[in-house]
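For reference, the structure discussed in these notes is given below.
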Amino acid sequence: MNLSRRNFMQAALLGGAALSGGAALSAVATHQRRPLPLSPLPHAADLAGLAPSSAALKSQSLALGRYFPSLLDPDAEGGPFICNTLSSDNSIADYIRQGEPGNSVFLRQVESRATIPWTPVFLRGNNQLLQLPSSVTRQIDCSDLLVMNESSARYPVFGNKARKYEFLLPNLKWSGSKRLGTVGAVSSNHALQFALANRLADLTGDGQPLNCALDLVLFEVPGATTDMARLGILRGLVEQVAIAKNNIELVGEASQEYARNWLHPDTDSLVPPGGSNDLSVLGHMNAIAELAQFLSAAQAWSAPPDVIFVAMGSGSTVLGLLLGVHLMGWKTKVVGVADQDKSYLTRWVVNRQPSLPFVEGNVAKLARSTVEWLQQIRFPGISPDVLRVMQGEIFVPDSTSWQPGYGLVEATDVAWANELEEAGLSLDPVFTLKAWRSLLTMSKAGALKNKKVLFWNTYNSFDYMPPLLSSLG
């Protein structure tokens with residue numbers, strides 16, 4: 001059954017919460033626009049110290065290219081060419097864009113090989129592979145435990161979100177985007193990191209970030225106090241911030257359509273909730289290739305992990321890991337831990353799969369569109385039955401550990417968070433602490449016995465406030 005846009009909006013208004021910024025946006029604003037007063041945009045130089053140097057970033061390479069060399073070979077036949085924009089002198093004018101801005105491929109001529117721009121925006125290193133102390137690991141019944149730690153004390157745009165932006169930002173630039181909009185909760189990590197990446201990430205090697213005009217539509221979370229310092233930072237980074245009150249819940253495309261009513265009329269590109277789309281899934285496909293290199297360099301394990309635990313929100317992270325495991329030919333199980341669930345009606349409106357938990361269904365929906373896209377561009381290593389393989393052999397969804405509620409934790413969770421903080425691992429109550437709970441639950445059930453376990457920490461614990469408040473005055 002196909003819904004008209006009006007009927008879709010009406011159905012969406014009846015139930016569920018919008019998925020945005022990797023998190024659910026409960027409900028939506030009053031019907032009048034309420035933009036905040038604009039603050040002057042600071043000069044890019046004010047933020048320069050918060051990004052790696054262009055010279056350092058030029059040393060980064062796409063790990064997938066080691067396993068699939070054709071991806072980096074401009075003269076190869078078939079499959080896409082992934083172009084590092086920091087080392088390429090290709091003119092954007094030489095290409096024809098195919099697809100929506102931020103989710104496009106670029107062709108030299110119609111029906112020619114697809115080109116995908118990629119820009120490294122953060123520094124990788126073996127120090128991301130973390131060994132927890134025995135005081136922690138001896139409480140978990142597995143053969144060994146490592147952490148892939150996508151967190152930085154030095155850089156605010158790092159790891160989980162940055163992997164998405166390495167594909168999204170140059171794609172928007174090559175698409176000629178001039179004014180962007182995106183949606184998130186007031187506390188959205190995506191809203192803050194994307195606003196920073198837009199201003200910081202050098203996309204050419206000559207110090208040229210995207211630096212588009214950017215508007216944010218931020219939803220207040222019922223019962224939560226708005227962090228005014230964080231809001232002040234966002235106001236200093238973007239053109240406009242609109243705050244939406246929460247009265248009626250929205251879902252999926254309906255939340256984005258609503259956001260358009262709050263954005264500048266010249267907005268030409270809407271960045272997807274959480275930065276998740278077909279293109280950005282490539283970020284964590286590449287992350288699995290990096291993990292393989294890190295494990296080899298550290299001589300940590302002689303074989304891939306048996307199980308990976310990762311938080312599951314807007315979808316592209318867990319899907320990228322699933323596809324990466326498939327590409328590498330590993331037998332690894334990926335446990336995706338949902339951050340929430342929604343009503344039967346919401347599941348139907350957003351995912352057309354009301355029997356599946358909300359986040360699990362959202363990942364399945366993204367998987368179908370992403371696999372279709374990858375097959376269209378003839379991405380190497382994608383088997384014809386990849387959806388069946390992922391669903392039946394790799395993906396282990398956990399749609400219960402998010403309880404007792406979105407962002408809510410129990411005393412035992414807090415105790416673990418404190419112990420892990422002392423061990424050098426910072427987790428957040430919305431996503432990663434729930435994934436840790438899932439790991440503990442499976443350990444107590446004996447499901448991890450004699451298995452090599454990898455915990456994928458997607459939380460960047462960088463302390464944004466002091467450096468950004470100082471930079472923005």
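Ordering of the structure tokens sets the chain letters (A, B, ...); residue numbers start at 1 within each chain; ligands are numbered from 1 in the order shown.
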Show me a table, sorted first by chain and then by increasing residue number, of the residues of region 320-340 of chain A having an atom at most 8 Å from region 359-369 of chain A, each with its shortest atom pair and the distance in Å to one decimal, counting only C-alpha atoms and written as CSV.
residue,atom,partner,partner_atom,distance
A:Ala338,CA,A:Val359,CA,5.9
A:Asp339,CA,A:Val359,CA,7.6
A:Gln340,CA,A:Val359,CA,6.9
Checklist entry - Quick one: DSSP strand (DSSP E or B) residues in region 201-234 of chain A, as a ChimeraX atom specification? => result /A:213-219
Store the residues picked out above in a file with N, CA, C and O atoms, as an mmCIF file, in the first residue's frame.
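File produced: again_36.cif:
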data_model
loop_
_atom_site.group_PDB
_atom_site.id
_atom_site.type_symbol
_atom_site.label_atom_id
_atom_site.label_comp_id
_atom_site.auth_asym_id
_atom_site.auth_seq_id
_atom_site.Cartn_x
_atom_site.Cartn_y
_atom_site.Cartn_z
ATOM 1 N N ALA A 213 26.592 27.086 4.504
ATOM 2 C CA ALA A 213 25.581 27.594 5.422
ATOM 3 C C ALA A 213 24.808 26.388 5.946
ATOM 4 O O ALA A 213 24.405 25.516 5.177
ATOM 5 N N LEU A 214 24.642 26.309 7.252
ATOM 6 C CA LEU A 214 24.029 25.142 7.871
ATOM 7 C C LEU A 214 22.974 25.578 8.874
ATOM 8 O O LEU A 214 23.226 26.413 9.731
ATOM 9 N N ASP A 215 21.788 25.005 8.739
ATOM 10 C CA ASP A 215 20.702 25.228 9.689
ATOM 11 C C ASP A 215 20.433 23.934 10.448
ATOM 12 O O ASP A 215 20.505 22.842 9.874
ATOM 13 N N LEU A 216 20.098 24.070 11.715
ATOM 14 C CA LEU A 216 19.758 22.920 12.544
ATOM 15 C C LEU A 216 18.328 23.050 13.047
ATOM 16 O O LEU A 216 17.907 24.134 13.460
ATOM 17 N N VAL A 217 17.603 21.957 12.997
ATOM 18 C CA VAL A 217 16.317 21.868 13.689
ATOM 19 C C VAL A 217 16.532 20.896 14.849
ATOM 20 O O VAL A 217 16.786 19.707 14.628
ATOM 21 N N LEU A 218 16.478 21.422 16.061
ATOM 22 C CA LEU A 218 16.766 20.624 17.250
ATOM 23 C C LEU A 218 15.506 20.428 18.072
ATOM 24 O O LEU A 218 14.788 21.382 18.366
ATOM 25 N N PHE A 219 15.262 19.190 18.446
ATOM 26 C CA PHE A 219 14.068 18.846 19.198
ATOM 27 C C PHE A 219 14.389 18.738 20.682
ATOM 28 O O PHE A 219 15.337 18.064 21.073
#
Next on the checklist: From a backbone DSSP assignment, name each residue in region 32-184 of chain A labelled helix (DSSP H, G or I), as a PyMOL selection string.
Outcome noted: chain A and resi 44-50+54-58+64-67+69-72+92-94+126-128+134-137+159-174
Checklist entry - With distances taken over only C-alpha atoms, which of A:Cys142, A:Thr370, A:Pro305, A:Ala417 is nearest to Lys449 (chain A)? => result A:Cys142
Next on the checklist: Set the distance at 12 Å and use only C-alpha atoms: which residues neighbour Leu323 (chain A) once local chain neighbours fewer than 3 positions away are removed? I'd like the list as a ChimeraX atom specification.
Outcome noted: /A:64,278,281-289,316-320,326-330,332-334,367-368,370-371,374,379-383,385-391,393-395
Residues as selected, N, CA and C atoms, written as a compact mmCIF listing (two decimals), in the first residue's frame, can you do that?
# COMPACT_ATOMS: atom_id res chain seq x y z
N LEU A 64 40.22 -0.39 2.92
CA LEU A 64 39.59 -1.33 1.99
C LEU A 64 40.42 -1.53 0.72
N ASP A 278 22.96 5.22 2.45
CA ASP A 278 23.69 4.17 1.74
C ASP A 278 25.18 4.48 1.68
N VAL A 281 27.42 4.18 4.93
CA VAL A 281 27.70 2.81 5.38
C VAL A 281 29.13 2.40 5.03
N LEU A 282 29.67 2.98 3.96
CA LEU A 282 31.05 2.67 3.56
C LEU A 282 32.05 2.97 4.67
N GLY A 283 31.71 3.92 5.55
CA GLY A 283 32.64 4.30 6.61
C GLY A 283 32.99 3.14 7.51
N HIS A 284 32.01 2.34 7.90
CA HIS A 284 32.32 1.23 8.81
C HIS A 284 32.59 -0.07 8.07
N MET A 285 32.30 -0.13 6.79
CA MET A 285 32.88 -1.21 6.00
C MET A 285 34.40 -1.05 5.99
N ASN A 286 34.84 0.18 5.81
CA ASN A 286 36.28 0.46 5.86
C ASN A 286 36.84 0.24 7.25
N ALA A 287 36.03 0.50 8.29
CA ALA A 287 36.50 0.32 9.67
C ALA A 287 36.86 -1.14 9.96
N ILE A 288 36.12 -2.07 9.38
CA ILE A 288 36.46 -3.49 9.58
C ILE A 288 37.81 -3.81 8.93
N ALA A 289 38.06 -3.23 7.76
CA ALA A 289 39.37 -3.43 7.13
C ALA A 289 40.48 -2.83 8.00
N SER A 316 23.75 3.05 10.15
CA SER A 316 24.84 2.84 9.20
C SER A 316 26.09 2.25 9.85
N THR A 317 26.27 2.45 11.16
CA THR A 317 27.44 1.86 11.82
C THR A 317 27.34 0.35 11.86
N VAL A 318 26.26 -0.17 12.43
CA VAL A 318 26.13 -1.62 12.53
C VAL A 318 26.04 -2.26 11.15
N LEU A 319 25.38 -1.62 10.20
CA LEU A 319 25.29 -2.18 8.86
C LEU A 319 26.66 -2.19 8.19
N GLY A 320 27.45 -1.14 8.39
CA GLY A 320 28.80 -1.12 7.83
C GLY A 320 29.66 -2.24 8.39
N HIS A 326 31.31 -9.38 6.09
CA HIS A 326 31.00 -10.16 4.88
C HIS A 326 32.12 -10.03 3.85
N LEU A 327 32.58 -8.81 3.63
CA LEU A 327 33.65 -8.59 2.64
C LEU A 327 34.93 -9.33 3.03
N MET A 328 35.24 -9.34 4.34
CA MET A 328 36.48 -9.96 4.79
C MET A 328 36.37 -11.48 4.85
N GLY A 329 35.15 -12.02 4.71
CA GLY A 329 34.97 -13.46 4.78
C GLY A 329 35.09 -14.03 6.17
N TRP A 330 34.88 -13.19 7.18
CA TRP A 330 34.97 -13.64 8.57
C TRP A 330 33.70 -14.39 8.96
N THR A 332 32.54 -13.93 11.99
CA THR A 332 32.19 -13.13 13.16
C THR A 332 30.70 -12.85 13.24
N LYS A 333 30.14 -12.94 14.45
CA LYS A 333 28.78 -12.52 14.71
C LYS A 333 28.82 -11.05 15.18
N VAL A 334 27.91 -10.24 14.65
CA VAL A 334 27.82 -8.83 15.06
C VAL A 334 26.54 -8.66 15.87
N ALA A 367 19.54 -1.75 5.08
CA ALA A 367 20.32 -2.81 4.45
C ALA A 367 19.84 -3.08 3.04
N ARG A 368 18.53 -3.10 2.85
CA ARG A 368 18.00 -3.39 1.51
C ARG A 368 18.41 -2.31 0.51
N THR A 370 20.90 -0.15 0.77
CA THR A 370 22.36 -0.08 0.63
C THR A 370 22.89 -1.20 -0.25
N VAL A 371 22.42 -2.41 -0.03
CA VAL A 371 22.88 -3.54 -0.84
C VAL A 371 22.50 -3.34 -2.30
N LEU A 374 25.01 -0.84 -3.63
CA LEU A 374 26.33 -1.43 -3.80
C LEU A 374 26.37 -2.35 -5.03
N PHE A 379 30.16 -2.94 -6.48
CA PHE A 379 31.17 -2.92 -5.43
C PHE A 379 31.72 -4.33 -5.25
N PRO A 380 33.05 -4.48 -5.20
CA PRO A 380 33.63 -5.83 -5.14
C PRO A 380 33.32 -6.54 -3.82
N GLY A 381 33.19 -7.85 -3.90
CA GLY A 381 33.03 -8.66 -2.70
C GLY A 381 31.62 -8.78 -2.18
N ILE A 382 30.67 -8.13 -2.84
CA ILE A 382 29.27 -8.21 -2.39
C ILE A 382 28.60 -9.38 -3.11
N SER A 383 28.31 -10.43 -2.37
CA SER A 383 27.73 -11.63 -2.99
C SER A 383 26.25 -11.39 -3.30
N ASP A 385 23.77 -13.11 -2.47
CA ASP A 385 22.91 -13.49 -1.35
C ASP A 385 23.32 -12.80 -0.06
N VAL A 386 23.93 -11.60 -0.16
CA VAL A 386 24.48 -10.95 1.01
C VAL A 386 23.40 -10.65 2.06
N LEU A 387 22.21 -10.27 1.66
CA LEU A 387 21.16 -9.98 2.64
C LEU A 387 20.82 -11.23 3.45
N ARG A 388 20.71 -12.37 2.77
CA ARG A 388 20.42 -13.62 3.49
C ARG A 388 21.56 -13.98 4.43
N VAL A 389 22.81 -13.82 3.95
CA VAL A 389 23.97 -14.15 4.78
C VAL A 389 24.02 -13.27 6.02
N MET A 390 23.81 -11.97 5.84
CA MET A 390 23.85 -11.07 7.00
C MET A 390 22.76 -11.42 8.00
N GLN A 391 21.55 -11.61 7.51
CA GLN A 391 20.42 -11.87 8.40
C GLN A 391 20.54 -13.23 9.07
N GLU A 393 23.35 -15.42 9.17
CA GLU A 393 24.63 -15.93 9.66
C GLU A 393 25.47 -14.93 10.45
N ILE A 394 25.24 -13.63 10.27
CA ILE A 394 26.12 -12.64 10.89
C ILE A 394 25.41 -11.80 11.95
N PHE A 395 24.24 -11.28 11.63
CA PHE A 395 23.57 -10.30 12.47
C PHE A 395 22.86 -10.96 13.65
Checklist entry - Which one of A:Ser59, A:Ser53, A:Ser187, A:Gln208 sits closest to Gly232 (chain A) if you count only C-alpha atoms? => result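 Using only C-alpha atoms, Gly232 (chain A) sits closest to A:Ser187.
Each of A:Val430, A:Ala411, A:Ala311, A:Leu439 was checked against Asn160 (chain A) using only C-alpha atoms; the smallest atom-to-atom distance is that of A:Ala311.
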Item to check | Given only C-alpha atoms as the counted atoms, nearest of A:Leu279, A:Leu291, A:Val453, A:Val186 to Val241 (chain A) | outcome: A:Val186
If you take only C-alpha atoms and a cut-off of 12 Å, which residues of region 205-242 of chain A touch region 98-120 of chain A, and what are their nearest atom pairs and distances in Å to one decimal, in chain and number order, as CSV?
residue,atom,partner,partner_atom,distance
A:Gly205,CA,A:Thr119,CA,9.3
A:Gln208,CA,A:Thr119,CA,11.7
A:Pro209,CA,A:Thr119,CA,10.6
A:Leu210,CA,A:Thr119,CA,11.4
Serialized selection, C-alpha atoms, as a compact mmCIF listing (two decimals), in the first residue's frame:
# COMPACT_ATOMS: atom_id res chain seq x y z
CA GLY A 205 44.42 19.48 1.00
CA GLN A 208 39.16 24.23 2.15
CA PRO A 209 36.38 22.74 4.30
CA LEU A 210 32.83 22.45 3.03
Next on the checklist: Taking only C-alpha atoms into account, name the residue in A:Arg124, A:Ile140, A:Leu427, A:Leu203 that is nearest to Leu172 (chain A).
Outcome noted: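 Of A:Arg124, A:Ile140, A:Leu427, A:Leu203, the one nearest Leu172 (chain A), counting only C-alpha atoms, is A:Leu203.
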Checklist entry - Using only C-alpha atoms, which residues sit within 10 Å of Asp202 (chain A) once same-chain residues fewer than 2 positions away are excluded, as number ranges by chain? => result A: 51-54, 57, 85-86, 119-121, 169-170, 197-200, 204-211
Next on the checklist: Taking 6 positions as the minimum chain separation for residues in the same chain, which residues sit within 10 Å of Pro467 (chain A) when counting only C-alpha atoms? Answer as an MDAnalysis selection string.
Outcome noted: chainID A and resid 47 49:50 156 473
If you keep all heavy atoms, can you produce a file of those selected residues as a PDB file, in the first residue's frame?
ATOM      1  N   LEU A  47      39.033  27.806  14.947  1.00  0.00           N
ATOM      2  CA  LEU A  47      38.819  26.392  15.221  1.00  0.00           C
ATOM      3  C   LEU A  47      39.939  25.512  14.677  1.00  0.00           C
ATOM      4  O   LEU A  47      39.891  24.298  14.812  1.00  0.00           O
ATOM      5  CB  LEU A  47      37.496  25.940  14.590  1.00  0.00           C
ATOM      6  CG  LEU A  47      36.245  26.720  15.010  1.00  0.00           C
ATOM      7  CD1 LEU A  47      35.044  26.281  14.188  1.00  0.00           C
ATOM      8  CD2 LEU A  47      35.967  26.549  16.486  1.00  0.00           C
ATOM      9  N   GLY A  49      42.859  24.674  15.505  1.00  0.00           N
ATOM     10  CA  GLY A  49      43.587  23.781  16.393  1.00  0.00           C
ATOM     11  C   GLY A  49      42.824  22.535  16.782  1.00  0.00           C
ATOM     12  O   GLY A  49      43.379  21.658  17.448  1.00  0.00           O
ATOM     13  N   LEU A  50      41.553  22.456  16.378  1.00  0.00           N
ATOM     14  CA  LEU A  50      40.727  21.316  16.753  1.00  0.00           C
ATOM     15  C   LEU A  50      40.704  20.229  15.687  1.00  0.00           C
ATOM     16  O   LEU A  50      39.988  19.239  15.820  1.00  0.00           O
ATOM     17  CB  LEU A  50      39.292  21.780  17.028  1.00  0.00           C
ATOM     18  CG  LEU A  50      39.140  22.788  18.166  1.00  0.00           C
ATOM     19  CD1 LEU A  50      37.696  23.220  18.309  1.00  0.00           C
ATOM     20  CD2 LEU A  50      39.658  22.202  19.478  1.00  0.00           C
ATOM     21  N   PRO A 156      37.635  16.743  18.430  1.00  0.00           N
ATOM     22  CA  PRO A 156      36.191  16.629  18.618  1.00  0.00           C
ATOM     23  C   PRO A 156      35.471  15.858  17.519  1.00  0.00           C
ATOM     24  O   PRO A 156      34.400  15.311  17.752  1.00  0.00           O
ATOM     25  CB  PRO A 156      35.721  18.088  18.652  1.00  0.00           C
ATOM     26  CG  PRO A 156      36.735  18.836  17.846  1.00  0.00           C
ATOM     27  CD  PRO A 156      38.040  18.133  18.101  1.00  0.00           C
ATOM     28  N   GLY A 473      34.413  32.398  21.788  1.00  0.00           N
ATOM     29  CA  GLY A 473      34.260  33.615  22.589  1.00  0.00           C
ATOM     30  C   GLY A 473      32.947  33.632  23.323  1.00  0.00           C
ATOM     31  O   GLY A 473      32.296  34.655  23.429  1.00  0.00           O
TER      32      GLY A 473
END
Checklist outcome for this item: Taken to one decimal, the CA of Asn460 (chain A)-CA of Phe167 (chain A) distance is 19.0 Å
